[in-house]
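Let me begin by presenting the structure, written as structure tokens, before commenting on it.
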Amino acid sequence: MKKALLAILAVLLLGLAVFLGYEYVTEPKIVDGVMSKAVDEKGKPLEVTTSFESEDTVYFSAKRNRFWIKEAQIIWYKGEIATENRLLVEEEVSVNKAKYFSAKLKVPEGLEEGQYGVTIYVKGSDIIEAKAKFEVRK
């Protein structure tokens, strides 16, 4: 009886470990992508918004959800998020002290008015981990 109970308990624990391991590996590795007008000294987003003026510096920040993810790729778009609308590709964005990946978009002559988007990928992956849309007004 005791051996049977231990065997059942072992199977249940193994099943739970497999389930939690699967969830951990398959869940998004980068989460909470937000737009902001500034980041603090550690890299955490401040003044979160989706509306910017032409002369603003636009920051995109997304939180690392797995300790082993060290680099990401961030792609900026003018208009809809589509390959033909790519504006800027940042290949090697490193995680900062606040455990965020952050990038900024600023054009010396100011951004054109319109809709924009940004996506983030784990470096070397084709899967969008997080995305955000924002608007620029004159």
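Just so we're on the same page: first chain in the structure tokens is A, next is B, and so on; residues restart at 1 for each chain, and ligands are numbered from 1 in the order they show up.
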
Counting only C-alpha atoms, which residues of range 2-91 of chain A fall within 9 Å of range 101-123 of chain A, and what is the closest atom pair for each with its distance in Å at one decimal, ordered by chain and rising number, as JSON lines?
```
{"residue": "A:Lys29", "atom": "CA", "partner": "A:Val122", "partner_atom": "CA", "distance": 7.5}
{"residue": "A:Ile30", "atom": "CA", "partner": "A:Val122", "partner_atom": "CA", "distance": 7.6}
{"residue": "A:Gly33", "atom": "CA", "partner": "A:Ile120", "partner_atom": "CA", "distance": 8.2}
{"residue": "A:Val39", "atom": "CA", "partner": "A:Ser102", "partner_atom": "CA", "distance": 8.4}
{"residue": "A:Gly43", "atom": "CA", "partner": "A:Ser102", "partner_atom": "CA", "distance": 6.9}
{"residue": "A:Lys44", "atom": "CA", "partner": "A:Ser102", "partner_atom": "CA", "distance": 8.3}
{"residue": "A:Pro45", "atom": "CA", "partner": "A:Ser102", "partner_atom": "CA", "distance": 8.4}
{"residue": "A:Glu53", "atom": "CA", "partner": "A:Leu111", "partner_atom": "CA", "distance": 8.1}
{"residue": "A:Ser54", "atom": "CA", "partner": "A:Leu111", "partner_atom": "CA", "distance": 4.8}
{"residue": "A:Glu55", "atom": "CA", "partner": "A:Gly110", "partner_atom": "CA", "distance": 4.7}
{"residue": "A:Asp56", "atom": "CA", "partner": "A:Lys106", "partner_atom": "CA", "distance": 7.0}
{"residue": "A:Thr57", "atom": "CA", "partner": "A:Lys106", "partner_atom": "CA", "distance": 4.9}
{"residue": "A:Val58", "atom": "CA", "partner": "A:Leu105", "partner_atom": "CA", "distance": 5.1}
{"residue": "A:Tyr59", "atom": "CA", "partner": "A:Lys104", "partner_atom": "CA", "distance": 4.3}
{"residue": "A:Phe60", "atom": "CA", "partner": "A:Ala103", "partner_atom": "CA", "distance": 5.4}
{"residue": "A:Ser61", "atom": "CA", "partner": "A:Ser102", "partner_atom": "CA", "distance": 4.4}
{"residue": "A:Ala62", "atom": "CA", "partner": "A:Phe101", "partner_atom": "CA", "distance": 5.3}
{"residue": "A:Lys63", "atom": "CA", "partner": "A:Phe101", "partner_atom": "CA", "distance": 6.3}
{"residue": "A:Arg64", "atom": "CA", "partner": "A:Phe101", "partner_atom": "CA", "distance": 7.0}
{"residue": "A:Ile69", "atom": "CA", "partner": "A:Val122", "partner_atom": "CA", "distance": 7.2}
{"residue": "A:Lys70", "atom": "CA", "partner": "A:Lys123", "partner_atom": "CA", "distance": 8.4}
{"residue": "A:Glu71", "atom": "CA", "partner": "A:Lys123", "partner_atom": "CA", "distance": 5.6}
{"residue": "A:Ala72", "atom": "CA", "partner": "A:Lys123", "partner_atom": "CA", "distance": 4.3}
{"residue": "A:Gln73", "atom": "CA", "partner": "A:Tyr121", "partner_atom": "CA", "distance": 5.2}
{"residue": "A:Ile74", "atom": "CA", "partner": "A:Ile120", "partner_atom": "CA", "distance": 4.5}
{"residue": "A:Ile75", "atom": "CA", "partner": "A:Thr119", "partner_atom": "CA", "distance": 5.3}
{"residue": "A:Trp76", "atom": "CA", "partner": "A:Val118", "partner_atom": "CA", "distance": 4.4}
{"residue": "A:Tyr77", "atom": "CA", "partner": "A:Gly117", "partner_atom": "CA", "distance": 5.0}
{"residue": "A:Lys78", "atom": "CA", "partner": "A:Tyr116", "partner_atom": "CA", "distance": 4.6}
{"residue": "A:Gly79", "atom": "CA", "partner": "A:Tyr116", "partner_atom": "CA", "distance": 4.9}
{"residue": "A:Glu80", "atom": "CA", "partner": "A:Gly117", "partner_atom": "CA", "distance": 6.6}
{"residue": "A:Ile81", "atom": "CA", "partner": "A:Gly117", "partner_atom": "CA", "distance": 5.8}
{"residue": "A:Leu88", "atom": "CA", "partner": "A:Leu105", "partner_atom": "CA", "distance": 8.6}
{"residue": "A:Glu90", "atom": "CA", "partner": "A:Ala103", "partner_atom": "CA", "distance": 8.1}
{"residue": "A:Glu91", "atom": "CA", "partner": "A:Lys123", "partner_atom": "CA", "distance": 7.5}
```

Selection from above, N, CA, C and O atoms, as a short mmCIF file (atom, residue, chain, number, x, y, z; two decimals), in the first residue's frame, can you write it?
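And here is the file that came out, result-v6.cif:
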```
data_model
loop_
_atom_site.label_atom_id
_atom_site.label_comp_id
_atom_site.auth_asym_id
_atom_site.auth_seq_id
_atom_site.Cartn_x
_atom_site.Cartn_y
_atom_site.Cartn_z
N LYS A 29 8.73 35.27 -23.53
CA LYS A 29 10.00 35.52 -22.85
C LYS A 29 10.23 37.01 -22.59
O LYS A 29 11.05 37.39 -21.79
N ILE A 30 9.48 37.83 -23.30
CA ILE A 30 9.53 39.28 -23.13
C ILE A 30 8.08 39.75 -23.09
O ILE A 30 7.29 39.39 -23.95
N GLY A 33 5.25 45.27 -23.25
CA GLY A 33 5.82 46.30 -24.12
C GLY A 33 5.02 47.59 -24.01
O GLY A 33 3.81 47.59 -24.24
N VAL A 39 12.81 57.20 -19.67
CA VAL A 39 13.14 56.04 -18.84
C VAL A 39 14.00 56.54 -17.68
O VAL A 39 14.71 57.54 -17.82
N GLY A 43 16.60 52.28 -16.46
CA GLY A 43 15.98 51.86 -17.71
C GLY A 43 14.52 51.50 -17.62
O GLY A 43 13.95 50.97 -18.57
N LYS A 44 13.86 51.80 -16.49
CA LYS A 44 12.44 51.52 -16.33
C LYS A 44 11.63 52.65 -16.97
O LYS A 44 11.96 53.82 -16.80
N PRO A 45 10.56 52.32 -17.72
CA PRO A 45 9.80 53.37 -18.42
C PRO A 45 9.08 54.32 -17.46
O PRO A 45 8.54 53.90 -16.44
N GLU A 53 4.48 64.02 -29.56
CA GLU A 53 4.65 65.16 -30.46
C GLU A 53 5.81 64.85 -31.39
O GLU A 53 6.67 64.02 -31.08
N SER A 54 5.86 65.53 -32.51
CA SER A 54 6.87 65.29 -33.54
C SER A 54 8.30 65.34 -33.01
O SER A 54 9.15 64.55 -33.40
N GLU A 55 8.59 66.27 -32.11
CA GLU A 55 9.96 66.47 -31.62
C GLU A 55 10.31 65.59 -30.40
O GLU A 55 11.44 65.58 -29.95
N ASP A 56 9.34 64.83 -29.88
CA ASP A 56 9.59 63.96 -28.73
C ASP A 56 10.55 62.82 -29.05
O ASP A 56 10.62 62.36 -30.19
N THR A 57 11.26 62.38 -28.03
CA THR A 57 11.98 61.11 -28.11
C THR A 57 11.01 60.04 -27.66
O THR A 57 10.39 60.15 -26.60
N VAL A 58 10.84 59.01 -28.47
CA VAL A 58 9.89 57.94 -28.19
C VAL A 58 10.68 56.74 -27.67
O VAL A 58 11.61 56.28 -28.32
N TYR A 59 10.31 56.24 -26.51
CA TYR A 59 10.96 55.08 -25.92
C TYR A 59 10.01 53.88 -25.96
O TYR A 59 8.83 54.01 -25.68
N PHE A 60 10.57 52.73 -26.29
CA PHE A 60 9.84 51.47 -26.18
C PHE A 60 10.59 50.63 -25.16
O PHE A 60 11.80 50.48 -25.23
N SER A 61 9.86 50.08 -24.21
CA SER A 61 10.44 49.22 -23.18
C SER A 61 9.59 47.98 -23.02
O SER A 61 8.37 48.04 -23.05
N ALA A 62 10.27 46.84 -22.86
CA ALA A 62 9.57 45.57 -22.62
C ALA A 62 10.35 44.80 -21.57
O ALA A 62 11.58 44.78 -21.58
N LYS A 63 9.63 44.19 -20.66
CA LYS A 63 10.25 43.51 -19.52
C LYS A 63 10.68 42.09 -19.88
O LYS A 63 9.94 41.35 -20.51
N ARG A 64 11.88 41.74 -19.45
CA ARG A 64 12.39 40.39 -19.62
C ARG A 64 11.63 39.46 -18.68
O ARG A 64 11.46 39.75 -17.51
N ILE A 69 17.42 35.35 -21.07
CA ILE A 69 17.32 36.19 -22.26
C ILE A 69 18.15 37.45 -22.02
O ILE A 69 17.85 38.25 -21.14
N LYS A 70 19.20 37.62 -22.80
CA LYS A 70 20.12 38.75 -22.61
C LYS A 70 20.02 39.80 -23.72
O LYS A 70 20.33 40.96 -23.50
N GLU A 71 19.62 39.38 -24.94
CA GLU A 71 19.56 40.31 -26.06
C GLU A 71 18.27 40.13 -26.85
O GLU A 71 17.72 39.04 -26.92
N ALA A 72 17.84 41.23 -27.43
CA ALA A 72 16.62 41.23 -28.22
C ALA A 72 16.82 42.06 -29.48
O ALA A 72 17.80 42.80 -29.62
N GLN A 73 15.88 41.91 -30.40
CA GLN A 73 15.84 42.73 -31.61
C GLN A 73 14.56 43.54 -31.56
O GLN A 73 13.48 43.00 -31.30
N ILE A 74 14.68 44.85 -31.79
CA ILE A 74 13.53 45.74 -31.78
C ILE A 74 13.39 46.35 -33.18
O ILE A 74 14.36 46.84 -33.75
N ILE A 75 12.16 46.30 -33.71
CA ILE A 75 11.90 46.83 -35.04
C ILE A 75 10.81 47.89 -34.95
O ILE A 75 9.74 47.65 -34.39
N TRP A 76 11.10 49.07 -35.51
CA TRP A 76 10.17 50.20 -35.55
C TRP A 76 9.51 50.25 -36.93
O TRP A 76 10.15 49.98 -37.94
N TYR A 77 8.23 50.62 -36.96
CA TYR A 77 7.46 50.68 -38.20
C TYR A 77 6.76 52.03 -38.33
O TYR A 77 6.30 52.58 -37.34
N LYS A 78 6.65 52.52 -39.55
CA LYS A 78 5.83 53.71 -39.86
C LYS A 78 4.57 53.17 -40.50
O LYS A 78 4.61 52.55 -41.55
N GLY A 79 3.44 53.29 -39.84
CA GLY A 79 2.19 52.71 -40.31
C GLY A 79 1.95 51.37 -39.63
O GLY A 79 2.39 51.15 -38.51
N GLU A 80 1.27 50.48 -40.34
CA GLU A 80 0.97 49.15 -39.80
C GLU A 80 2.25 48.35 -39.59
O GLU A 80 3.25 48.57 -40.27
N ILE A 81 2.19 47.40 -38.67
CA ILE A 81 3.32 46.52 -38.42
C ILE A 81 3.38 45.49 -39.56
O ILE A 81 2.63 44.52 -39.57
N LEU A 88 13.21 51.24 -38.75
CA LEU A 88 14.51 51.06 -38.11
C LEU A 88 14.55 49.67 -37.46
O LEU A 88 13.59 49.26 -36.82
N GLU A 90 16.85 47.49 -34.81
CA GLU A 90 17.92 47.49 -33.82
C GLU A 90 18.21 46.04 -33.45
O GLU A 90 17.41 45.39 -32.79
N GLU A 91 19.35 45.53 -33.90
CA GLU A 91 19.67 44.11 -33.84
C GLU A 91 20.07 43.59 -32.46
O GLU A 91 19.70 42.50 -32.09
#
```

Expected answer as JSON, numbers by chain: helix (DSSP H, G or I) residues in chain A: {"A": [2, 3, 4, 5, 6, 7, 8, 9, 10, 11, 12, 13, 14, 15, 16, 17, 18, 19, 20, 21, 22, 23, 24, 25, 26, 83, 84, 85]}

DSSP on the backbone, strand (DSSP E or B) only: what residues of chain A does that give? Format it as a PyMOL selection string. chain A and resi 30-39+45-48+51-53+58-64+71-78+86-95+100-105+114-122+128-137

Judged by only C-alpha atoms, the minimum distance to Glu41 in chain A among A:Lys2, A:Arg66, A:Lys97, A:Arg86 is found for A:Lys97
